[in-house]
$ cat work.txt   # compact mmCIF, C-alpha atoms and all ligand atoms
# COMPACT_ATOMS: atom_id res chain seq x y z
CA MET T 246 186.26 -77.41 239.54
CA THR T 247 185.47 -81.09 239.95
CA SER T 248 187.87 -81.35 242.88
CA THR T 249 185.81 -78.91 244.92
CA THR T 250 182.43 -80.52 244.28
CA PRO T 251 181.05 -82.89 246.89
CA PHE T 252 179.65 -85.27 244.23
CA PRO T 253 180.32 -89.02 244.50
CA ALA T 254 182.92 -90.50 242.15
CA ALA T 255 180.42 -91.79 239.55
CA SER T 256 178.93 -88.36 239.23
CA ARG T 257 182.43 -86.84 238.96
CA ARG T 258 183.25 -89.23 236.13
CA ARG T 259 180.09 -88.13 234.39
CA GLN T 260 181.06 -84.52 234.86
CA THR T 261 184.46 -85.20 233.36
CA ALA T 262 182.88 -86.91 230.36
CA LEU T 263 180.54 -83.96 229.97
CA GLY T 264 183.53 -81.67 230.20
CA ARG T 265 185.18 -83.50 227.30
CA LEU T 266 182.02 -83.17 225.24
CA ALA T 267 181.92 -79.45 226.05
CA LEU T 268 185.51 -79.14 224.86
CA VAL T 269 184.71 -80.95 221.57
CA ALA T 270 181.72 -78.67 221.08
CA ALA T 271 183.80 -75.58 221.78
CA LEU T 272 186.50 -76.70 219.31
CA ALA T 273 183.89 -77.49 216.70
CA ALA T 274 182.30 -74.08 217.23
CA ALA T 275 185.70 -72.51 216.70
CA GLY T 276 186.03 -74.44 213.42
CA LEU T 277 188.77 -76.68 214.79
CA THR T 278 189.04 -80.43 215.10
CA PHE T 279 191.02 -82.30 217.73
CA ALA T 280 193.94 -82.36 215.32
CA GLY T 281 193.78 -78.59 215.16
CA LEU T 282 192.68 -78.67 211.52
CA PRO T 283 189.75 -76.52 210.37
CA ALA T 284 186.50 -78.54 210.22
CA PRO T 285 184.62 -78.46 206.91
CA ALA T 286 182.08 -75.61 206.95
CA GLU T 287 178.60 -77.08 207.46
CA ALA T 288 175.48 -74.98 207.44
CA ALA T 289 172.54 -76.45 209.34
CA ALA T 290 170.23 -78.20 206.84
CA PRO T 291 167.21 -76.00 206.25
CA GLN T 292 163.87 -77.48 207.28
CA LEU T 293 161.79 -78.31 204.21
CA LYS T 294 158.23 -78.07 205.56
CA THR T 295 156.86 -80.14 202.69
CA GLN T 296 154.78 -83.31 202.95
CA ALA T 297 155.07 -86.72 201.27
CA PRO T 298 153.04 -87.10 198.06
CA GLY T 299 149.44 -87.89 199.00
CA TRP T 300 148.68 -91.18 197.33
CA TYR T 301 148.45 -94.74 198.58
CA ARG T 302 147.88 -97.87 196.51
CA LEU T 303 146.09 -101.09 197.32
CA MET T 304 144.52 -103.96 195.41
CA VAL T 305 140.89 -105.03 195.62
CA GLY T 306 140.87 -108.35 193.79
CA SER T 307 142.33 -107.53 190.37
CA PHE T 308 141.40 -103.82 190.64
CA GLU T 309 144.15 -101.36 191.48
CA VAL T 310 142.87 -98.67 193.83
CA THR T 311 144.77 -95.45 194.59
CA SER T 312 143.75 -93.31 197.54
CA LEU T 313 144.41 -89.66 196.72
CA SER T 314 144.67 -86.76 199.14
CA ASP T 315 143.15 -83.50 197.96
CA GLY T 316 144.66 -81.94 201.10
CA THR T 317 143.40 -81.23 204.59
CA VAL T 318 141.30 -78.39 205.97
CA ALA T 319 140.79 -77.15 209.52
CA LEU T 320 137.08 -77.53 210.33
CA PRO T 321 135.35 -75.90 213.34
CA VAL T 322 133.74 -79.22 214.21
CA ASP T 323 132.66 -77.88 217.61
CA GLN T 324 130.31 -75.54 215.75
CA LEU T 325 129.38 -77.87 212.88
CA LEU T 326 128.39 -81.02 214.77
CA HIS T 327 124.93 -81.25 216.28
CA ALA T 328 125.29 -83.25 219.49
CA PRO T 329 124.15 -83.33 223.11
CA ALA T 330 126.07 -80.82 225.25
CA GLY T 331 129.64 -81.84 225.95
CA ARG T 332 129.65 -84.81 223.55
CA VAL T 333 131.87 -83.17 220.93
CA ALA T 334 134.38 -81.78 223.44
CA GLU T 335 134.55 -85.18 225.14
CA GLY T 336 135.12 -87.11 221.90
CA LEU T 337 137.84 -84.72 220.78
CA LYS T 338 139.57 -84.75 224.16
CA GLN T 339 139.59 -88.54 224.36
CA ASN T 340 141.32 -88.60 221.00
CA PHE T 341 143.85 -85.87 221.87
CA GLN T 342 142.23 -83.49 219.38
CA LYS T 343 140.69 -80.06 219.51
CA ALA T 344 138.69 -77.81 217.22
CA PRO T 345 139.33 -76.64 214.60
CA LEU T 346 140.12 -80.18 213.49
CA GLU T 347 142.50 -80.82 210.60
CA THR T 348 140.28 -82.90 208.32
CA SER T 349 141.28 -84.98 205.31
CA VAL T 350 139.59 -84.71 201.94
CA ASN T 351 140.23 -87.94 200.03
CA ALA T 352 139.30 -89.26 196.60
CA TRP T 353 139.93 -92.57 194.85
CA LEU T 354 141.22 -93.68 191.48
CA ILE T 355 140.28 -97.21 190.44
CA ASN T 356 141.95 -98.97 187.55
CA THR T 357 139.73 -101.94 186.74
CA GLY T 358 142.03 -103.10 183.96
CA SER T 359 139.62 -101.84 181.30
CA ARG T 360 138.54 -98.46 182.73
CA LEU T 361 140.11 -95.75 184.86
CA VAL T 362 137.50 -94.51 187.32
CA LEU T 363 137.75 -91.56 189.70
CA VAL T 364 135.43 -91.37 192.70
CA ASP T 365 134.94 -87.73 193.71
CA ALA T 366 137.16 -84.88 192.59
CA GLY T 367 138.26 -82.91 195.64
CA ALA T 368 137.61 -79.22 196.21
CA GLY T 369 139.52 -77.48 193.43
CA THR T 370 139.60 -73.79 194.39
CA LEU T 371 136.23 -73.83 196.19
CA PHE T 372 137.38 -74.58 199.72
CA GLY T 373 140.56 -72.63 200.32
CA PRO T 374 144.28 -73.01 199.54
CA THR T 375 144.96 -76.13 201.64
CA LEU T 376 142.82 -78.24 199.29
CA GLY T 377 142.75 -78.67 195.52
CA LYS T 378 145.76 -80.99 195.19
CA LEU T 379 143.92 -83.84 193.45
CA ALA T 380 145.16 -83.40 189.86
CA ALA T 381 148.75 -83.02 191.11
CA GLN T 382 148.39 -86.19 193.19
CA ILE T 383 146.98 -88.13 190.23
CA ARG T 384 150.12 -87.18 188.28
CA ALA T 385 152.38 -87.97 191.25
CA ALA T 386 150.71 -91.39 191.43
CA GLY T 387 151.66 -92.08 187.81
CA TYR T 388 148.42 -91.29 185.96
CA GLN T 389 147.17 -88.32 183.92
CA PRO T 390 143.78 -86.60 184.30
CA GLU T 391 143.25 -87.15 180.55
CA GLN T 392 143.28 -90.93 181.13
CA VAL T 393 140.22 -90.91 183.41
CA ASP T 394 137.21 -92.56 181.69
CA ASP T 395 134.50 -92.17 184.32
CA ILE T 396 134.00 -90.02 187.41
CA LEU T 397 131.55 -91.21 190.05
CA ILE T 398 130.34 -88.42 192.34
CA THR T 399 129.07 -89.28 195.83
CA HIS T 400 127.33 -85.90 196.09
CA MET T 401 127.71 -82.35 194.83
CA HIS T 402 129.19 -80.57 197.84
CA PRO T 403 132.14 -78.33 196.88
CA ASP T 404 134.80 -80.56 198.48
CA HIS T 405 133.69 -83.45 196.24
CA VAL T 406 133.13 -81.73 192.88
CA GLY T 407 135.26 -78.55 192.94
CA GLY T 408 138.20 -80.33 191.28
CA LEU T 409 136.13 -81.31 188.20
CA ALA T 410 136.68 -77.96 186.50
CA ALA T 411 139.29 -75.20 186.49
CA ASP T 412 138.56 -71.80 184.94
CA GLY T 413 135.39 -73.20 183.42
CA GLN T 414 137.25 -76.02 181.66
CA ARG T 415 137.01 -79.76 182.27
CA VAL T 416 140.05 -81.01 184.22
CA PHE T 417 139.17 -84.53 183.00
CA PRO T 418 138.40 -83.87 179.33
CA ASN T 419 137.78 -87.50 178.36
CA ALA T 420 135.66 -88.50 181.35
CA THR T 421 131.92 -88.96 181.77
CA VAL T 422 130.58 -87.83 185.14
CA HIS T 423 127.97 -89.97 186.92
CA ALA T 424 125.88 -88.90 189.93
CA ASP T 425 122.51 -89.62 191.49
CA LYS T 426 119.80 -87.70 189.63
CA ALA T 427 118.30 -86.51 192.93
CA ASP T 428 121.52 -84.64 193.69
CA ALA T 429 121.67 -83.16 190.20
CA ASP T 430 118.02 -82.09 190.41
CA TYR T 431 118.77 -80.33 193.68
CA TRP T 432 122.20 -78.70 193.25
CA LEU T 433 121.97 -77.92 189.53
CA SER T 434 118.52 -76.33 189.81
CA THR T 435 118.46 -72.58 189.17
CA ALA T 436 115.16 -72.27 191.02
CA LYS T 437 116.51 -74.04 194.11
CA ALA T 438 119.68 -71.93 194.04
CA GLU T 439 117.61 -68.74 193.93
CA ALA T 440 115.35 -69.90 196.75
CA ALA T 441 118.28 -70.99 198.96
CA PRO T 442 119.30 -68.89 201.97
CA LYS T 443 122.23 -66.56 201.32
CA GLU T 444 124.76 -68.69 203.21
CA ALA T 445 123.88 -71.77 201.11
CA LYS T 446 124.07 -70.09 197.70
CA GLY T 447 127.81 -70.71 197.40
CA PHE T 448 127.21 -74.48 197.49
CA PHE T 449 124.85 -74.23 194.50
CA GLN T 450 127.24 -71.98 192.59
CA GLY T 451 130.12 -74.36 193.27
CA ALA T 452 128.18 -77.41 192.08
CA GLN T 453 126.99 -75.63 188.94
CA ALA T 454 130.43 -74.24 188.03
CA SER T 455 131.93 -77.72 188.47
CA LEU T 456 129.32 -79.76 186.59
CA THR T 457 128.22 -77.39 183.81
CA PRO T 458 131.29 -77.95 181.56
CA TYR T 459 130.46 -81.69 181.56
CA VAL T 460 126.73 -81.14 181.04
CA GLN T 461 127.45 -78.88 178.07
CA ALA T 462 129.87 -81.40 176.55
CA GLY T 463 127.27 -84.18 176.85
CA ARG T 464 129.48 -85.87 179.44
CA PHE T 465 127.12 -85.96 182.40
CA GLN T 466 125.05 -89.11 183.01
CA PRO T 467 122.84 -89.03 186.10
CA PHE T 468 121.44 -92.34 187.37
CA GLU T 469 118.09 -92.91 189.04
CA ARG T 470 118.42 -96.27 190.73
CA ASP T 471 120.96 -98.61 192.34
CA GLY T 472 123.03 -100.52 189.84
CA GLU T 473 126.32 -101.08 188.07
CA ILE T 474 127.87 -97.93 186.58
CA VAL T 475 131.00 -99.56 185.17
CA PRO T 476 131.78 -103.29 185.32
CA GLY T 477 132.61 -104.12 188.95
CA ILE T 478 131.43 -100.81 190.44
CA ARG T 479 127.86 -100.46 191.68
CA ALA T 480 126.12 -97.32 192.93
CA PHE T 481 123.61 -97.47 195.76
CA ALA T 482 121.49 -94.73 197.30
CA ALA T 483 122.70 -93.47 200.68
CA HIS T 484 120.50 -90.40 200.87
CA GLY T 485 120.29 -87.96 203.76
CA HIS T 486 123.60 -86.10 203.82
CA THR T 487 122.29 -84.72 200.52
CA ALA T 488 119.11 -85.53 198.60
CA GLY T 489 121.03 -87.81 196.23
CA HIS T 490 124.07 -88.87 198.23
CA ALA T 491 125.35 -92.14 196.73
CA ALA T 492 127.84 -94.76 197.84
CA TYR T 493 129.80 -97.06 195.53
CA ALA T 494 130.62 -100.73 196.01
CA VAL T 495 133.71 -101.97 194.18
CA GLU T 496 133.92 -105.74 193.78
CA SER T 497 136.56 -107.90 192.19
CA GLN T 498 137.45 -111.56 192.68
CA GLY T 499 135.34 -111.81 195.84
CA GLN T 500 136.89 -108.74 197.49
CA ARG T 501 134.84 -105.66 198.25
CA LEU T 502 135.60 -101.98 198.91
CA VAL T 503 132.72 -99.62 199.66
CA LEU T 504 133.25 -95.89 199.19
CA VAL T 505 130.85 -94.19 201.56
CA GLY T 506 131.51 -90.51 200.84
CA ASP T 507 130.10 -88.29 203.59
CA LEU T 508 128.14 -90.90 205.54
CA ILE T 509 130.39 -89.77 208.40
CA HIS T 510 132.73 -86.82 208.99
CA VAL T 511 134.39 -86.79 212.43
CA ALA T 512 135.70 -90.20 213.54
CA SER T 513 136.51 -89.14 217.11
CA VAL T 514 132.92 -88.09 217.79
CA GLN T 515 130.54 -89.83 215.39
CA LEU T 516 131.90 -93.38 215.60
CA ALA T 517 131.07 -93.60 219.30
CA SER T 518 127.91 -91.47 218.89
CA PRO T 519 126.43 -92.29 215.48
CA ASP T 520 123.39 -90.13 216.25
CA VAL T 521 125.56 -86.99 216.08
CA THR T 522 124.92 -85.15 212.81
CA ILE T 523 126.62 -82.28 211.03
CA ALA T 524 125.38 -78.93 209.75
CA PHE T 525 126.22 -80.00 206.17
CA ASP T 526 123.55 -82.76 206.30
CA THR T 527 120.56 -81.71 204.18
CA ASP T 528 118.30 -84.05 206.19
CA GLU T 529 120.04 -84.82 209.48
CA ALA T 530 117.61 -87.49 210.68
CA GLN T 531 117.80 -89.37 207.38
CA ALA T 532 121.60 -89.00 207.33
CA ALA T 533 121.88 -90.65 210.76
CA LYS T 534 119.49 -93.43 209.78
CA THR T 535 121.32 -94.18 206.56
CA ARG T 536 124.67 -94.20 208.38
CA ALA T 537 123.36 -96.72 210.92
CA ARG T 538 121.92 -98.98 208.21
CA VAL T 539 124.94 -98.98 205.89
CA PHE T 540 127.54 -99.21 208.68
CA ALA T 541 125.75 -102.18 210.25
CA GLU T 542 126.01 -104.04 206.96
CA LEU T 543 129.67 -103.07 206.45
CA ALA T 544 130.60 -104.17 209.97
CA ARG T 545 128.76 -107.44 209.45
CA ASP T 546 130.45 -108.44 206.23
CA GLY T 547 133.88 -106.94 207.03
CA SER T 548 134.10 -105.03 203.73
CA LEU T 549 136.91 -102.59 203.20
CA VAL T 550 135.51 -99.08 203.62
CA ALA T 551 136.79 -95.81 202.13
CA VAL T 552 135.78 -92.59 203.91
CA THR T 553 136.29 -89.16 202.35
CA HIS T 554 136.98 -87.29 205.57
CA PHE T 555 138.81 -89.89 207.68
CA ASN T 556 142.57 -89.47 207.98
CA PHE T 557 144.29 -90.18 204.67
CA PRO T 558 144.35 -92.74 203.10
CA GLY T 559 140.91 -93.18 204.68
CA VAL T 560 140.65 -96.93 204.09
CA GLY T 561 139.87 -99.46 206.80
CA ARG T 562 137.08 -101.51 208.30
CA LEU T 563 134.23 -100.84 210.71
CA ARG T 564 133.69 -102.96 213.80
CA GLN T 565 130.55 -102.76 215.90
CA ALA T 566 131.31 -101.46 219.42
CA GLY T 567 128.30 -101.07 221.70
CA LYS T 568 125.88 -98.69 220.05
CA GLY T 569 128.60 -97.32 217.84
CA TRP T 570 131.58 -98.35 215.79
CA GLN T 571 135.32 -98.69 215.88
CA TRP T 572 137.52 -97.85 212.91
CA VAL T 573 140.24 -100.37 212.08
CA PRO T 574 142.63 -98.74 209.61
CA LEU T 575 144.07 -100.82 206.79
CA ASP T 576 147.53 -102.20 207.56
CA TYR T 577 150.24 -100.29 205.72
CA ARG T 578 152.02 -102.22 202.98
CA SER T 579 155.10 -101.14 201.09
CA GLN T 580 154.24 -103.54 198.24
CA VAL T 581 151.12 -103.48 196.09
CA ASN T 582 149.94 -107.03 195.47
ZN ZN T 601 129.19 -83.36 201.95
ZN ZN T 602 132.60 -83.75 202.22
$ encode --input "work.txt" --output "structure tokens"
Amino acid sequence: MTSTTPFPAASRRRQTALGRLALVAALAAAGLTFAGLPAPAEAAAPQLKTQAPGWYRLMVGSFEVTSLSDGTVALPVDQLLHAPAGRVAEGLKQNFQKAPLETSVNAWLINTGSRLVLVDAGAGTLFGPTLGKLAAQIRAAGYQPEQVDDILITHMHPDHVGGLAADGQRVFPNATVHADKADADYWLSTAKAEAAPKEAKGFFQGAQASLTPYVQAGRFQPFERDGEIVPGIRAFAAHGHTAGHAAYAVESQGQRLVLVGDLIHVASVQLASPDVTIAFDTDEAQAAKTRARVFAELARDGSLVAVTHFNFPGVGRLRQAGKGWQWVPLDYRSQVN
């Protein structure tokens, strides 16, 4: 066949090489090797379709911090974000994304050396089957839920408290839960739940089902003002997303990590346009104002920042960029020191 083709010599040589490969492939398909011996039977390896365990460790001074993935969930951010026309589509497109957007739900486990502290608890069963992996990730990361001493809640939305309880039982039986009293007064109020519009009632039910086992066991301690909750971890009000949304500053040996909860949701849109809010914000104007104030401070001092809904492990730094921000993810390290 090659003798009849008008191809130049180099191309003919290529064809001949390809012909040899075709012969090898044909022999292999027939179960024969060049030596004419049967090749060992090899089934194609099945694809596994499983993901790496969702935890990532870093040090903040002498504190060991483990980022935990509760899973990811596809959010219709085009419907949830409140933005000038075209802004959401533009932000997503520039970042090679589209709605619904696969969104991380992260939580953090902090071993201060004297206490084991969990910040937020994931969604449990409240937000669909792709979330609720937190307890399994804690175990995969080498800890047990029974070892957790304190749980700091940023706010009582279902994706932050759903993992506290399972079948009405405490998942963290030895832990005391701490949250801003304004959030407890809102989400744990029977009167407010009854007065809420139908579509919001599920949020109240979720918060109450998650917190009640701790309240009944005397293991719920709301706080009313900024201050240290456990040595080295300070709560400060970051209200707006919810009535009592709190952030937590972790400080050890001069290093600082600030866990900002839901001060922001969609990096590809809200970093460049910090005025864009989300339907989950209880008070959207206050949420945007608080975001601007806290982010300005974090960008100024270069603190490490942990964001619940940024891509796992959700830890990095904020840099001021025009009227908005840029996210600088933490460098990956294979060693923890
Ligand atoms: Zn929220
Ligand atoms: Zn959230």
$ closest_residue --input "work.txt" --among "T:Ala381, T:Val552, T:Ala524, T:Ala452" --to "Ala352 (chain T)" --atoms "all atoms listed in the file"
T:Val552
$ closest_residue --input "work.txt" --among "T:Pro476, T:Gly463, T:Gly561, T:Gly367" --to "ligand ZN 602 (chain T)" --atoms "all atoms listed in the file"
T:Gly367
$ atom_distance --input "work.txt" --atom1 "CA of Gly408 (chain T)" --atom2 "CA of Ser312 (chain T)"
15.4 Å
$ residues_near_ligand --input "work.txt" --ligand "ligand ZN 602 (chain T)" --cutoff "8 Å" --atoms "all atoms listed in the file" --output "JSON, numbers by chain"
{"T": [350, 402, 403, 404, 405, 506, 507, 510, 553, 554]}
$ residues_around --input "work.txt" --residues "Gln498 (chain T)" --least-positions-apart "3" --cutoff "8 Å" --atoms "all atoms listed in the file" --output "PDB file with C-alpha atoms, keeping the file's coordinate frame"
ATOM      1  CA  VAL T 305     140.890-105.030 195.620  1.00  0.00           C
ATOM      2  CA  GLY T 306     140.870-108.350 193.790  1.00  0.00           C
ATOM      3  CA  SER T 307     142.330-107.530 190.370  1.00  0.00           C
TER       4      SER T 307
END
$ residues_near_point --input "work.txt" --point "(121.6, -81.0, 199.5)" --cutoff "7 Å" --atoms "all atoms listed in the file" --output "ChimeraX atom specification"
/T:428,431-432,486-488,527
$ closest_residue --input "work.txt" --among "T:Arg501, T:Gln565, T:Glu287, T:Asp528" --to "Arg545 (chain T)" --atoms "all atoms listed in the file"
T:Gln565
$ residues_around --input "work.txt" --residues "Pro574 (chain T)" --least-positions-apart "6" --cutoff "12 Å" --atoms "only C-alpha atoms" --output "list in words"
Ala512, Leu549, Val550, Ala551, Val552, Phe555, Asn556, Phe557, Pro558, Gly559, Val560, Gly561, Arg562, Leu563 and Arg564 of chain T
$ closest_residue --input "work.txt" --among "T:Asp395, T:Glu444, T:Glu473, T:Asp315" --to "Ala380 (chain T)" --atoms "only C-alpha atoms"
T:Asp315
$ residues_near_point --input "work.txt" --point "(143.3, -80.3, 213.3)" --cutoff "10 Å" --atoms "all atoms listed in the file" --output "list in words"
Thr317, Val318, Ala319, Leu320, Pro321, Val322, Gln342, Lys343, Ala344, Pro345, Leu346, Glu347, Thr348 and Ser349 of chain T
$ residues_around --input "work.txt" --residues "Lys446 (chain T)" --least-positions-apart "3" --cutoff "12 Å" --atoms "only C-alpha atoms" --output "list of chain:residue names"
T:His402, T:Pro403, T:Trp432, T:Leu433, T:Ser434, T:Thr435, T:Ala436, T:Lys437, T:Ala438, T:Glu439, T:Ala440, T:Ala441, T:Pro442, T:Lys443, T:Phe449, T:Gln450, T:Gly451, T:Ala452, T:Gln453
$ residues_around --input "work.txt" --residues "Thr370 (chain T)" --least-positions-apart "5" --cutoff "9 Å" --atoms "only C-alpha atoms" --output "list of chain:residue names"
T:Leu376, T:Gly377, T:Gly407, T:Gly408, T:Ala411
$ write_last_selection --input "work.txt" --atoms "C-alpha atoms" --output "PDB file, in the coordinates of the input"
ATOM      1  CA  LEU T 376     142.820 -78.240 199.290  1.00  0.00           C
ATOM      2  CA  GLY T 377     142.750 -78.670 195.520  1.00  0.00           C
ATOM      3  CA  GLY T 407     135.260 -78.550 192.940  1.00  0.00           C
ATOM      4  CA  GLY T 408     138.200 -80.330 191.280  1.00  0.00           C
ATOM      5  CA  ALA T 411     139.290 -75.200 186.490  1.00  0.00           C
TER       6      ALA T 411
END
$ atom_distance --input "work.txt" --atom1 "CA of Val539 (chain T)" --atom2 "CA of Ala483 (chain T)"
7.9 Å
$ closest_residue --input "work.txt" --among "T:Lys568, T:His490, T:Lys426, T:Arg332" --to "Ala537 (chain T)" --atoms "only C-alpha atoms"
T:Lys568
$ atom_distance --input "work.txt" --atom1 "CA of Gln515 (chain T)" --atom2 "CA of His484 (chain T)"
17.7 Å
$ closest_residue --input "work.txt" --among "T:Val581, T:Ala491, T:Leu371, T:Ala385" --to "Leu409 (chain T)" --atoms "all atoms listed in the file"
T:Leu371
$ residues_around --input "work.txt" --residues "Leu303 (chain T)" --least-positions-apart "3" --cutoff "10 Å" --atoms "all atoms listed in the file" --output "PyMOL selection string"
chain T and resi 306+308-312+355+560+575+577-582
